[in-house]
Amino acid sequence: MTTLTYATRDSATMLGRNLKHMRRYPSLTLMLIGQPVLLLLLFVYVFGGTMGAGLPGGDGRADYLDYISPAIVIMTVASVALSTAIYIAKDATEGIIDRFRTMPIAKASVLTGHVLAALVQTAFALVAVVAIALLLGYRPGAGVAGWLGAVGVLLLLGIALTWFCLALGLAAGSVETASNTPMFLVLLPFLSSGFVPTDSMPAGLAWIAEHQPFTPIIDTLRACLEGTSPGADAWWAIGWCVLITIASYAWARRLFTKVRAG
Amino acid sequence: MNTHIAAIEVAGIAKAYGDNAVLRGIDLTVPVGTVYALLGPNGAGKTTMVRILSTLTDADAGEARVAGFDVRRESEGVRRSIGVTGQFSAIDELLTGRENLRLMADLAHLLRAEAAARATELLERFGLTDAADRRAATYSGGMKRRLDLAMTLVSRPRLIVLDEPTAGLDPRSRRDLWQIVRELLADGVTIFLTTQYLEEADQLAHTVGLLDGGRLVAEGTPAELKAQAGGETLDDVFLALTGHAATPEIDDELEEIR
């Protein structure tokens, strides 16, 4: 077999291992899906009536559901990525990464196995969360192109955030730290166009919200799901995702060679 | 592995972490088919030596060849030749014992039928058959250690590196592990192990290296070392050559006697 087939086979082996972990640790998976669903229910039913009325041209709860559903979907992606930090930190502290590193296996397979598993889990989580949003009355106007665009954005974001969380998990040094440091990823969408339009915020905060990566990503997803053109936001979204992926990949690879069990 | 070359050849290996010199120039040779025990107290540099030999850490200076391969320039060759069991049980606790072994077999690119047979064989050999389909998290310390070693053996390495293989084990589990090491040796496998237990080195090793403060202060067969220091046990040897006992607990006891 060639190097590439070995690399593929080793990554597939690692994917299988990580999927087994997810099946055996269902409480974590349930929490990852439960968290965005709970936020959706809270925002739609508790705050939604008032918030929806405050949207430009908004009329109430149903409009607010339409407005925040893309943000909730994005939070779901972030939430699953977060679990990757916990899984990789567990691998690192338990010494199994040391073992893998003394074996003649494709170097990147341990990390790519985690990324692939996270993407599979993200797909399941997204189906669940979108299904609940649809049940609550969310009605995206997207056609085939819009849905394809939405899947594309979510895939890019999933890859970017998973690599980022792998690096954070490897940098953490303990499972406890690894479960805390990426938390800001779930909070950051609140400081974006996800829950309220940025122009309703004070000037300084609005500037931050408009320039942080989640805003163009959420706006792009929202446009795709509404079936409109995202325009320049799409390029910003792609740019941020690619940048985060490349930087995190390099960082994670570097940290991986310095792992020490203990 | 070539039989006419040494399994491990180390010359002038040094390693420091910041200002802390952990290894200060180590030279040692391990002939094929023998057991070498690196004996020393906590902090002597044993684990650092293991990490350098198993390609996990680069040395600052010196040369090390494992199975004929340079650990730095030919690390893939080293990895293909060795099996390593580290100080911490490197098992996947969410998987069963059998699944852990299958994982190793898959990563060693064994065929499916061969992988299944190898897992079953090793489970039996290590007394884990009854626990094979239970999650490793439920295993006792001794069982985890045995599974850990079994995982190392899946790919049939001819050179095995064990970092404190019996640390924290009860006497019975310790003797079981010694028996396994002797069986491997009978199969012609070369073994490099570290230990803080003098009895362990005495029981298993052809050659014992006394590591203290990052230096190899003495080396020889257990009998040679005892003769050299004029002591009955390796404990006496360690005290004679280093001025302190091998384990802190013994140091404390000596303190009380004085």
# chains A, B, ... in the order shown; residues from 1 in each chain; ligands from 1
call {"tool": "residues_around", "arguments": {"residues": "Ala133 in chain A", "least_positions_apart": "3", "cutoff": "9 Å", "atoms": "only C-alpha atoms", "output": "PyMOL selection string"}}
result
chain A and resi 37+40+65-66+69+128-130+136-139
call {"tool": "select_by_dssp", "arguments": {"residues": "range 11-224 of chain A", "states": "helix (DSSP H, G or I)", "output": "PyMOL selection string"}}
result
chain A and resi 11-24+26-54+61-94+96-101+109-136+144-172+175-191+198-200+203-211+214-224
call {"tool": "closest_atom_pairs", "arguments": {"of": "chain A", "to": "chain B", "cutoff": "7 Å", "atoms": "only C-alpha atoms", "output": "CSV"}}
result
residue,atom,partner,partner_atom,distance
A:Asp10,CA,B:Leu107,CA,6.1
A:Thr13,CA,B:Asp106,CA,6.7
A:His21,CA,B:Leu94,CA,6.2
A:Arg24,CA,B:Leu94,CA,6.9
A:Glu94,CA,B:Ala90,CA,6.1
A:Gly95,CA,B:Ala90,CA,4.7
A:Ile96,CA,B:Ala90,CA,4.4
A:Arg99,CA,B:Ala90,CA,6.3
A:Arg101,CA,B:Leu56,CA,6.9
A:Thr102,CA,B:Arg79,CA,5.5
A:Met103,CA,B:Arg79,CA,5.2
A:Pro104,CA,B:Arg79,CA,5.1
A:Ile105,CA,B:Leu107,CA,6.6
call {"tool": "write_last_selection", "arguments": {"atoms": "C-alpha atoms", "output": "PDB file, in the first residue's frame"}}
result
ATOM      1  CA  ASP A  10      -5.223   5.052   9.741  1.00  0.00           C
ATOM      2  CA  THR A  13      -9.370   3.575  12.097  1.00  0.00           C
ATOM      3  CA  HIS A  21     -16.422   7.117  22.081  1.00  0.00           C
ATOM      4  CA  ARG A  24     -20.395   5.337  24.729  1.00  0.00           C
ATOM      5  CA  GLU A  94      -4.215   9.457  29.392  1.00  0.00           C
ATOM      6  CA  GLY A  95      -1.016   8.774  27.458  1.00  0.00           C
ATOM      7  CA  ILE A  96      -2.624   7.178  24.406  1.00  0.00           C
ATOM      8  CA  ARG A  99       1.507   5.489  22.401  1.00  0.00           C
ATOM      9  CA  ARG A 101       3.359   8.654  18.462  1.00  0.00           C
ATOM     10  CA  THR A 102       5.678   5.691  19.078  1.00  0.00           C
ATOM     11  CA  MET A 103       3.857   3.676  16.400  1.00  0.00           C
ATOM     12  CA  PRO A 104       4.571   3.692  12.655  1.00  0.00           C
ATOM     13  CA  ILE A 105       1.241   5.300  11.741  1.00  0.00           C
TER      14      ILE A 105
END
call {"tool": "atom_distance", "arguments": {"atom1": "CA of Leu42 in chain A", "atom2": "CA of His211 in chain A"}}
result
26.8 Å
call {"tool": "residues_around", "arguments": {"residues": "Ser173 in chain B", "least_positions_apart": "3", "cutoff": "12 Å", "atoms": "only C-alpha atoms", "output": "JSON, numbers by chain"}}
result
{"B": [126, 127, 140, 141, 142, 143, 144, 145, 146, 165, 166, 167, 168, 169, 170, 176, 177, 178, 179, 180]}
call {"tool": "write_last_selection", "arguments": {"atoms": "N, CA and C atoms", "output": "compact mmCIF listing (two decimals), in the first residue's frame"}}
result
# COMPACT_ATOMS: atom_id res chain seq x y z
N PHE B 126 -2.67 -12.98 28.52
CA PHE B 126 -2.55 -12.03 29.61
C PHE B 126 -3.68 -12.17 30.64
N GLY B 127 -4.40 -13.29 30.56
CA GLY B 127 -5.44 -13.56 31.55
C GLY B 127 -6.57 -12.55 31.52
N SER B 140 -8.90 -3.46 36.93
CA SER B 140 -8.03 -3.12 38.06
C SER B 140 -6.69 -2.60 37.52
N GLY B 141 -5.90 -2.03 38.41
CA GLY B 141 -4.59 -1.49 38.00
C GLY B 141 -3.72 -2.53 37.31
N GLY B 142 -3.70 -3.73 37.88
CA GLY B 142 -2.89 -4.81 37.29
C GLY B 142 -3.39 -5.21 35.92
N MET B 143 -4.73 -5.27 35.77
CA MET B 143 -5.31 -5.63 34.46
C MET B 143 -5.00 -4.57 33.42
N LYS B 144 -5.09 -3.30 33.82
CA LYS B 144 -4.79 -2.21 32.88
C LYS B 144 -3.35 -2.30 32.41
N ARG B 145 -2.44 -2.60 33.34
CA ARG B 145 -1.03 -2.73 33.00
C ARG B 145 -0.83 -3.88 32.03
N ARG B 146 -1.53 -5.00 32.27
CA ARG B 146 -1.39 -6.16 31.38
C ARG B 146 -1.94 -5.85 30.00
N PRO B 165 7.38 -0.57 34.43
CA PRO B 165 6.22 -1.41 34.12
C PRO B 165 5.45 -1.88 35.35
N THR B 166 6.10 -1.91 36.52
CA THR B 166 5.39 -2.45 37.68
C THR B 166 5.12 -1.40 38.75
N ALA B 167 5.32 -0.12 38.40
CA ALA B 167 5.07 0.94 39.39
C ALA B 167 3.62 0.86 39.86
N GLY B 168 3.43 0.86 41.15
CA GLY B 168 2.09 0.88 41.71
C GLY B 168 1.35 -0.44 41.67
N LEU B 169 2.02 -1.51 41.28
CA LEU B 169 1.34 -2.81 41.24
C LEU B 169 1.56 -3.57 42.55
N ASP B 170 0.57 -4.42 42.89
CA ASP B 170 0.74 -5.26 44.08
C ASP B 170 1.75 -6.37 43.75
N ASP B 176 3.57 -11.50 38.12
CA ASP B 176 2.96 -11.89 36.83
C ASP B 176 3.67 -11.17 35.68
N LEU B 177 3.92 -9.89 35.86
CA LEU B 177 4.55 -9.11 34.81
C LEU B 177 5.99 -9.55 34.56
N TRP B 178 6.67 -9.90 35.66
CA TRP B 178 8.04 -10.41 35.50
C TRP B 178 8.02 -11.68 34.65
N GLN B 179 7.03 -12.53 34.92
CA GLN B 179 6.92 -13.79 34.17
C GLN B 179 6.75 -13.50 32.68
N ILE B 180 5.93 -12.51 32.38
CA ILE B 180 5.71 -12.14 30.97
C ILE B 180 7.01 -11.66 30.33
call {"tool": "select_by_dssp", "arguments": {"residues": "range 26-227 of chain B", "states": "strand (DSSP E)", "output": "ChimeraX atom specification"}}
result
/B:26-30,35-39,61-66,69-70,82-85,159-163,190-195,207-212,215-220
